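Chemist: Contents of start_36.cif (mmCIF, C-alpha atoms) are below:
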```
data_model
loop_
_atom_site.label_atom_id
_atom_site.label_comp_id
_atom_site.auth_asym_id
_atom_site.auth_seq_id
_atom_site.Cartn_x
_atom_site.Cartn_y
_atom_site.Cartn_z
CA MET A 1 -24.66 -7.88 -81.40
CA PHE A 2 -25.26 -8.99 -77.81
CA ASP A 3 -21.71 -7.97 -76.91
CA LEU A 4 -22.44 -4.48 -78.29
CA LEU A 5 -25.56 -4.23 -76.12
CA LYS A 6 -23.49 -5.30 -73.12
CA ALA A 7 -20.96 -2.62 -74.05
CA VAL A 8 -23.65 0.08 -74.02
CA VAL A 9 -24.78 -1.01 -70.56
CA LEU A 10 -21.24 -1.21 -69.19
CA GLY A 11 -20.29 2.13 -70.77
CA THR A 12 -23.33 3.72 -69.13
CA ILE A 13 -22.37 2.24 -65.75
CA GLN A 14 -18.81 3.51 -66.17
CA GLY A 15 -19.98 7.00 -67.13
CA LEU A 16 -22.40 7.24 -64.22
CA THR A 17 -20.03 5.92 -61.57
CA GLU A 18 -16.53 7.15 -62.51
CA PHE A 19 -16.94 10.60 -60.97
CA LEU A 20 -19.31 9.76 -58.15
CA PRO A 21 -17.45 8.53 -55.03
CA ILE A 22 -18.91 5.03 -55.37
CA SER A 23 -16.21 3.18 -57.40
CA SER A 24 -16.73 2.56 -61.10
CA SER A 25 -14.40 -0.47 -61.03
CA ALA A 26 -16.54 -2.07 -58.31
CA HIS A 27 -19.69 -1.56 -60.39
CA LEU A 28 -18.01 -2.98 -63.50
CA ARG A 29 -17.13 -6.06 -61.47
CA ILE A 30 -20.39 -6.52 -59.53
CA PHE A 31 -23.10 -5.82 -62.09
CA PRO A 32 -21.76 -7.93 -64.98
CA GLU A 33 -21.50 -10.81 -62.49
CA LEU A 34 -25.06 -10.13 -61.35
CA PHE A 35 -26.26 -10.12 -64.97
CA GLY A 36 -24.50 -13.41 -65.61
CA TRP A 37 -21.95 -11.84 -67.96
CA GLY A 38 -18.87 -12.63 -65.86
CA ASP A 39 -15.91 -10.35 -65.19
CA PRO A 40 -15.24 -8.08 -68.21
CA GLY A 41 -11.57 -7.94 -67.20
CA ALA A 42 -9.19 -5.34 -65.83
CA ALA A 43 -8.06 -4.29 -69.33
CA PHE A 44 -11.63 -3.57 -70.48
CA THR A 45 -12.27 -1.58 -67.29
CA ALA A 46 -9.08 0.47 -67.68
CA VAL A 47 -9.56 1.23 -71.37
CA ILE A 48 -13.18 2.41 -71.21
CA GLN A 49 -12.15 4.79 -68.42
CA ILE A 50 -10.34 6.73 -71.15
CA GLY A 51 -13.80 7.80 -72.31
CA THR A 52 -14.69 9.35 -68.98
CA GLU A 53 -11.28 11.01 -68.71
CA LEU A 54 -11.80 12.52 -72.18
CA ALA A 55 -14.95 14.04 -70.69
CA VAL A 56 -12.77 15.53 -67.91
CA LEU A 57 -10.30 16.91 -70.45
CA ILE A 58 -13.07 18.65 -72.36
CA TYR A 59 -15.05 19.84 -69.32
CA PHE A 60 -11.95 21.27 -67.61
CA ARG A 61 -10.17 22.26 -70.82
CA HIS A 62 -9.73 25.89 -69.75
CA ASP A 63 -8.30 24.90 -66.35
CA ILE A 64 -6.04 22.28 -67.94
CA TRP A 65 -4.76 24.69 -70.58
CA ARG A 66 -4.10 27.37 -67.97
CA ILE A 67 -2.29 24.95 -65.64
CA GLY A 68 -0.29 23.37 -68.46
CA LYS A 69 0.75 26.72 -69.88
CA ALA A 70 1.84 28.06 -66.48
CA TRP A 71 3.74 24.86 -65.70
CA VAL A 72 5.69 24.97 -68.99
CA LEU A 73 6.47 28.67 -68.54
CA SER A 74 7.70 28.00 -65.00
CA LEU A 75 10.36 25.67 -66.41
CA PHE A 76 12.01 28.57 -68.23
CA LYS A 77 10.85 31.73 -66.44
CA PRO A 78 11.52 31.99 -62.68
CA GLU A 79 8.78 34.59 -62.20
CA TRP A 80 6.15 31.92 -63.02
CA ARG A 81 7.36 29.42 -60.41
CA GLY A 82 5.31 30.88 -57.58
CA HIS A 83 2.14 31.07 -59.67
CA LEU A 84 -0.76 28.93 -58.40
CA ASP A 85 -1.30 27.24 -61.77
CA SER A 86 2.36 26.30 -62.20
CA ARG A 87 2.38 24.86 -58.67
CA MET A 88 -0.85 23.01 -59.45
CA GLY A 89 0.88 21.39 -62.42
CA TRP A 90 3.65 20.10 -60.15
CA PHE A 91 1.14 18.98 -57.52
CA ILE A 92 -0.78 16.90 -60.08
CA ILE A 93 2.44 15.31 -61.38
CA ILE A 94 3.75 14.53 -57.89
CA GLY A 95 0.34 13.38 -56.67
CA SER A 96 0.08 10.96 -59.58
CA LEU A 97 3.35 9.18 -58.81
CA PRO A 98 2.05 6.86 -56.03
CA ILE A 99 -0.73 5.31 -58.13
CA VAL A 100 1.52 5.01 -61.19
CA ILE A 101 4.37 3.32 -59.31
CA LEU A 102 2.12 0.99 -57.31
CA GLY A 103 0.00 0.26 -60.39
CA ILE A 104 3.05 -1.01 -62.27
CA LEU A 105 4.48 -2.95 -59.32
CA LEU A 106 1.17 -4.58 -58.35
CA LYS A 107 -0.25 -5.12 -61.86
CA ASP A 108 -0.80 -8.88 -61.53
CA VAL A 109 -2.28 -8.62 -58.05
CA ILE A 110 -4.62 -5.82 -59.13
CA GLU A 111 -5.89 -7.75 -62.15
CA LYS A 112 -6.50 -10.96 -60.22
CA ASP A 113 -6.56 -10.95 -56.42
CA PHE A 114 -7.96 -7.44 -55.89
CA ARG A 115 -10.97 -8.16 -58.12
CA ASN A 116 -12.38 -10.62 -55.59
CA LEU A 117 -15.93 -9.64 -54.62
CA TRP A 118 -15.27 -10.27 -50.93
CA ILE A 119 -12.62 -7.54 -51.08
CA ILE A 120 -14.76 -5.24 -53.20
CA GLY A 121 -17.82 -5.53 -50.94
CA THR A 122 -15.70 -4.82 -47.87
CA THR A 123 -13.92 -1.80 -49.36
CA LEU A 124 -17.22 -0.33 -50.52
CA ILE A 125 -18.47 -0.36 -46.93
CA VAL A 126 -15.27 0.68 -45.15
CA MET A 127 -14.33 3.51 -47.52
CA GLY A 128 -17.94 4.67 -47.59
CA ILE A 129 -17.82 5.11 -43.82
CA VAL A 130 -14.45 6.88 -44.12
CA LEU A 131 -15.98 9.30 -46.65
CA GLY A 132 -18.94 9.94 -44.36
CA ILE A 133 -16.73 10.70 -41.35
CA ALA A 134 -14.36 12.93 -43.35
CA ASP A 135 -17.26 14.84 -44.87
CA ARG A 136 -19.10 15.24 -41.55
CA PHE A 137 -16.18 16.53 -39.49
CA SER A 138 -14.24 18.54 -42.10
CA ARG A 139 -13.28 22.11 -41.20
CA ASN A 140 -14.56 23.03 -44.68
CA ASP A 141 -12.48 26.20 -44.90
CA LYS A 142 -9.89 25.52 -47.62
CA LYS A 143 -10.27 26.35 -51.29
CA ILE A 144 -8.32 24.80 -54.14
CA ALA A 145 -6.02 27.85 -54.10
CA ASN A 146 -4.88 26.81 -50.59
CA ILE A 147 -3.41 23.48 -51.71
CA THR A 148 0.13 22.74 -50.52
CA LEU A 149 2.73 20.15 -51.50
CA ARG A 150 1.96 18.14 -48.35
CA ASP A 151 -1.75 18.08 -49.17
CA ALA A 152 -1.03 17.11 -52.79
CA VAL A 153 1.14 14.18 -51.65
CA LEU A 154 -1.47 13.00 -49.14
CA MET A 155 -4.27 13.15 -51.72
CA GLY A 156 -2.02 11.34 -54.19
CA LEU A 157 -1.43 8.56 -51.66
CA ALA A 158 -5.18 8.38 -51.04
CA GLN A 159 -5.83 8.09 -54.78
CA ALA A 160 -3.39 5.16 -54.96
CA MET A 161 -5.70 3.19 -52.66
CA ALA A 162 -8.16 3.05 -55.58
CA LEU A 163 -6.01 0.35 -57.16
CA VAL A 164 -8.25 -1.86 -55.04
CA PRO A 165 -11.69 -1.96 -56.73
CA GLY A 166 -14.36 -0.68 -54.38
CA VAL A 167 -12.23 2.10 -52.90
CA SER A 168 -13.13 4.69 -55.61
CA ARG A 169 -10.49 6.99 -57.02
CA SER A 170 -12.58 10.11 -56.56
CA GLY A 171 -13.96 8.88 -53.24
CA ALA A 172 -10.52 8.29 -51.72
CA THR A 173 -9.14 11.62 -52.95
CA ILE A 174 -12.24 13.51 -51.82
CA SER A 175 -12.14 11.80 -48.41
CA MET A 176 -8.54 12.93 -47.90
CA GLY A 177 -9.34 16.40 -49.21
CA ARG A 178 -12.27 16.74 -46.81
CA ALA A 179 -10.15 15.40 -43.92
CA LEU A 180 -7.59 18.11 -44.72
CA GLY A 181 -10.33 20.75 -44.55
CA TYR A 182 -11.08 21.45 -48.22
CA GLU A 183 -14.53 22.52 -49.33
CA ARG A 184 -16.54 19.86 -51.16
CA GLU A 185 -16.34 21.60 -54.53
CA ALA A 186 -12.56 22.15 -54.16
CA ALA A 187 -11.89 18.55 -53.12
CA THR A 188 -14.06 17.21 -55.94
CA ARG A 189 -12.53 19.44 -58.61
CA TYR A 190 -9.00 18.54 -57.57
CA ALA A 191 -9.90 14.83 -57.52
CA PHE A 192 -11.00 15.11 -61.16
CA LEU A 193 -7.79 16.87 -62.22
CA LEU A 194 -5.53 14.51 -60.26
CA ALA A 195 -7.11 11.45 -61.89
CA ILE A 196 -6.26 12.49 -65.47
CA PRO A 197 -2.63 11.26 -65.71
CA ALA A 198 -3.29 8.00 -63.86
CA VAL A 199 -6.47 7.00 -65.69
CA VAL A 200 -5.31 7.95 -69.18
CA GLY A 201 -1.95 6.28 -68.53
CA ALA A 202 -3.57 3.08 -67.26
CA GLY A 203 -5.95 2.95 -70.22
CA LEU A 204 -3.16 3.40 -72.77
CA PHE A 205 -1.01 0.84 -70.93
CA GLU A 206 -3.81 -1.74 -71.14
CA LEU A 207 -4.64 -1.15 -74.83
CA LYS A 208 -2.38 -4.00 -75.86
CA GLU A 209 -4.53 -6.42 -73.80
CA ILE A 210 -7.77 -5.69 -75.67
CA PRO A 211 -7.40 -8.08 -78.63
CA GLY A 212 -6.98 -11.19 -76.53
CA GLY A 213 -5.66 -10.44 -73.07
CA ASP A 214 -7.52 -9.67 -69.87
CA ASN A 215 -10.67 -8.58 -71.67
CA ALA A 216 -13.94 -10.46 -72.21
CA TYR A 217 -14.71 -8.40 -75.36
CA GLY A 218 -12.95 -7.35 -78.53
CA TRP A 219 -12.15 -3.96 -79.98
CA GLY A 220 -15.69 -3.21 -81.24
CA PRO A 221 -17.56 -3.50 -77.92
CA THR A 222 -14.68 -1.86 -76.06
CA LEU A 223 -14.80 1.20 -78.33
CA VAL A 224 -18.61 1.40 -78.02
CA ALA A 225 -18.38 1.26 -74.22
CA THR A 226 -15.68 3.95 -74.26
CA ILE A 227 -17.81 6.32 -76.37
CA VAL A 228 -20.89 5.76 -74.21
CA SER A 229 -18.86 6.33 -71.03
CA PHE A 230 -17.65 9.66 -72.45
CA VAL A 231 -21.16 10.96 -73.17
CA VAL A 232 -22.65 9.84 -69.86
CA GLY A 233 -19.54 10.87 -67.90
CA TYR A 234 -19.62 14.43 -69.23
CA ALA A 235 -23.16 14.87 -67.93
CA ALA A 236 -22.19 13.29 -64.59
CA ILE A 237 -19.35 15.79 -64.02
CA ALA A 238 -21.61 18.80 -64.48
CA TRP A 239 -24.26 17.33 -62.19
CA LEU A 240 -21.86 16.35 -59.39
CA LEU A 241 -20.12 19.73 -59.23
CA ARG A 242 -23.51 21.45 -58.92
CA TYR A 243 -24.65 18.92 -56.33
CA VAL A 244 -21.66 19.14 -53.96
CA SER A 245 -21.77 22.95 -53.93
CA THR A 246 -24.85 22.75 -51.68
CA LYS A 247 -25.23 19.16 -50.42
CA SER A 248 -23.24 16.53 -48.51
CA TYR A 249 -21.93 13.14 -49.65
CA THR A 250 -24.33 11.28 -47.32
CA PRO A 251 -26.43 9.67 -50.11
CA PHE A 252 -23.25 8.21 -51.65
CA VAL A 253 -22.10 6.92 -48.26
CA LEU A 254 -25.43 5.14 -47.70
CA TYR A 255 -25.39 3.74 -51.24
CA ARG A 256 -21.88 2.35 -50.78
CA VAL A 257 -22.80 0.64 -47.51
CA VAL A 258 -25.96 -0.88 -49.01
CA LEU A 259 -24.23 -2.06 -52.20
CA GLY A 260 -21.25 -3.44 -50.30
CA SER A 261 -23.48 -5.28 -47.83
CA ALA A 262 -25.66 -6.69 -50.61
CA THR A 263 -22.56 -7.87 -52.48
CA LEU A 264 -21.20 -9.70 -49.45
CA ILE A 265 -24.59 -11.31 -48.77
CA LEU A 266 -24.99 -12.45 -52.39
CA VAL A 267 -21.45 -13.84 -52.50
CA GLY A 268 -22.00 -15.62 -49.19
CA ALA A 269 -25.28 -17.08 -50.46
CA GLY A 270 -23.59 -18.34 -53.63
CA VAL A 271 -25.62 -16.08 -55.94
CA LEU A 272 -22.45 -14.31 -57.10
CA ASN A 273 -19.08 -15.90 -57.73
CA ALA A 274 -16.35 -14.16 -55.80
#
```
Hey, can you dump this file as structure tokens for me?
Modeler:
Amino acid sequence: MFDLLKAVVLGTIQGLTEFLPISSSAHLRIFPELFGWGDPGAAFTAVIQIGTELAVLIYFRHDIWRIGKAWVLSLFKPEWRGHLDSRMGWFIIIGSLPIVILGILLKDVIEKDFRNLWIIGTTLIVMGIVLGIADRFSRNDKKIANITLRDAVLMGLAQAMALVPGVSRSGATISMGRALGYEREAATRYAFLLAIPAVVGAGLFELKEIPGGDNAYGWGPTLVATIVSFVVGYAAIAWLLRYVSTKSYTPFVLYRVVLGSATLILVGAGVLNA
């Protein structure tokens, strides 16, 4: 029963933090340690992210259907190949390749070395500052319709940095998008769409680890956490897209710096185990 209560808490944390540029994987590493629960494991973290990505699939279902349909048609009908949606399909596929390839090659390092709290605290601070600078000095004149292959590759490379907990998948992609001049809503929306193949793929890849691999819980708590993350994540998407249409990312930057600094201090003081 206690594991199920933990699952509800961790699912809520995942749902709240997956789409905000503050790193859900960092929160799922820091807060369980702070609560005395230990590291839930990379497999648990990857699998419950399927819940939040299901929220993306439902929230953006019309966009996804339109892009998918145009992409398939472009394979057989030349007149569709210049269509924005068919190009968007290719951009998402190409942009997903860096994180997929590096995720497979660096699997052991990601699940062990990268989950060190010294690394996580540092990346929270550094990438928070990067987000703040990119957001502050962006030209802010590109819409999602202006995306090019070069921009898709660069944002895909940025997303791959999120293999290190603390970077934030959405935060890294948004930072690159803002640096390239995209409006906040455009950069955020594209970050959500780009994450779908990588997150769903990683979650399915790690399913085999749930029964007894790199996972502190069994199937029951993992499923509960996944369901909770879906519900909370769906609400978080709607809120964030409304928020960024009128406001900056400054509160998230400050939060990242504070959380990262507090993590490093607590690890240094021996309160948290790195």
Chemist: Could you list, as an NGL selection string, every residue matched by the PyMOL selection byres ((chain A and resi 256-258) around 12) in this structure?
Modeler: :A and (17 or 20-24 or 26-27 or 120-132 or 166-168 or 171 or 249-255 or 259-265)
Chemist: Quick one: which residues end up in the PyMOL selection byres ((chain A and resi 238) around 12) for this structure, as a list in words?
Modeler: Leu16, Phe19, Leu20, Ala55, Val56, Ile58, Tyr59, Phe60, Glu185, Thr188, Arg189, Phe192, Val231, Val232, Gly233, Tyr234, Ala235, Ala236, Ile237, Trp239, Leu240, Leu241, Arg242, Tyr243, Val244 and Ser245 of chain A
Chemist: Have a look at CA of Ala160 in chain A and CA of Ala195 in chain A and let me know their distance in Å, one decimal.
Modeler: 10.1 Å
Chemist: Need the shell around Leu204 in chain A: protein/DNA/RNA residues with any atom at most 10 Å away, counting all atoms listed in the file. Skip same-chain ones fewer than 5 positions apart. Format as a list in words?
Modeler: Ala43, Ala46, Val47, Ile50, Val199 and Glu209 of chain A
Chemist: Tell me which protein, DNA and RNA residues are within 9 Å of Leu84 in chain A, counting only C-alpha atoms, leaving out same-chain ones fewer than 4 positions away, and put them as a short mmCIF file (atom, residue, chain, number, x, y, z; two decimals) with C-alpha atoms, in the coordinates of the input.
Modeler:
```cif
data_model
loop_
_atom_site.label_atom_id
_atom_site.label_comp_id
_atom_site.auth_asym_id
_atom_site.auth_seq_id
_atom_site.Cartn_x
_atom_site.Cartn_y
_atom_site.Cartn_z
CA ILE A 67 -2.29 24.95 -65.64
CA ALA A 70 1.84 28.06 -66.48
CA TRP A 80 6.15 31.92 -63.02
CA MET A 88 -0.85 23.01 -59.45
CA GLY A 89 0.88 21.39 -62.42
CA ALA A 145 -6.02 27.85 -54.10
#
```
Chemist: Pick the closest to Ser96 in chain A from A:Gly36, A:Gly156, A:Gly11, A:Gly218: which is it, counting all atoms listed in the file?
Modeler: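 Residue with the minimum atom-to-atom distance to Ser96 in chain A: A:Gly156.
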Chemist: Have a look at A:Arg115, A:Arg66, A:Leu149, A:Ser138 and name the one nearest to Arg87 in chain A; count only C-alpha atoms.
Modeler: A:Leu149
Chemist: Which of these, A:Ala7, A:Leu28, A:Ile227, A:Ile144, has the shortest distance to Ala186 in chain A once you count all atoms listed in the file?
Modeler: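 That would be A:Ile144, the residue with the smallest distance to Ala186 in chain A.
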Chemist: How many Å lie between CA of Phe114 in chain A and CA of Ala172 in chain A, rounded to one decimal?
Modeler: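 So the answer is 16.5 Å.
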Chemist: Calculated over all atoms listed in the file, which of the candidates A:Val100, A:Asp39, A:Leu106, A:Gly95 has the smallest distance to Thr173 in chain A?
Modeler: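 The answer is A:Gly95, which sits nearest to Thr173 in chain A.
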Chemist: Which is closest to Ala162 in chain A among A:Leu57, A:Leu75, A:Ala198, A:Ile13, if we use only C-alpha atoms?
Modeler: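 Once distances to Ala162 in chain A are computed over only C-alpha atoms, the minimum belongs to A:Ala198.
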Chemist: Quick one: residues within 10 Å of Phe35 in chain A, all atoms listed in the file counted, chain neighbours fewer than 4 positions away excluded, as number ranges by chain?
Modeler: A: 6, 30-31, 272
Chemist: Next, the residues of the selection above should be written as a PDB file, in the coordinates of the input with C-alpha atoms.
Modeler:
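Output file part13.pdb follows:
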```pdb
ATOM      1  CA  LYS A   6     -23.490  -5.300 -73.120  1.00  0.00           C
ATOM      2  CA  ILE A  30     -20.390  -6.520 -59.530  1.00  0.00           C
ATOM      3  CA  PHE A  31     -23.100  -5.820 -62.090  1.00  0.00           C
ATOM      4  CA  LEU A 272     -22.450 -14.310 -57.100  1.00  0.00           C
TER       5      LEU A 272
END
```
Chemist: I'd like to know which of A:Ala225, A:Gln159, A:Arg29, A:Thr246 is closest to Glu111 in chain A, using all atoms listed in the file.
Modeler: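 Going through A:Ala225, A:Gln159, A:Arg29, A:Thr246 one by one, the smallest distance to Glu111 in chain A is for A:Arg29.
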Chemist: Quick one: pull the distance between CA of Gly41 in chain A and CA of Asp3 in chain A, Å, one decimal.
Modeler: 14.0 Å
Chemist: Padding 8 Å on every side, please: axis-aligned box over the listed atoms of range 38-47 of chain A, centre and edge lengths to one decimal in Å, as AutoDock Vina command-line options.
Modeler:
```
--center_x -13.5 --center_y -5.7 --center_z -68.3 --size_x 26.8 --size_y 29.9 --size_z 22.2
```
Chemist: Given the PyMOL selection byres ((chain A and resi 273) around 10) and the file above, list the residues it selects as a PyMOL selection string.
Modeler: chain A and resi 30+33-34+36+38-39+116-118+266-272+274
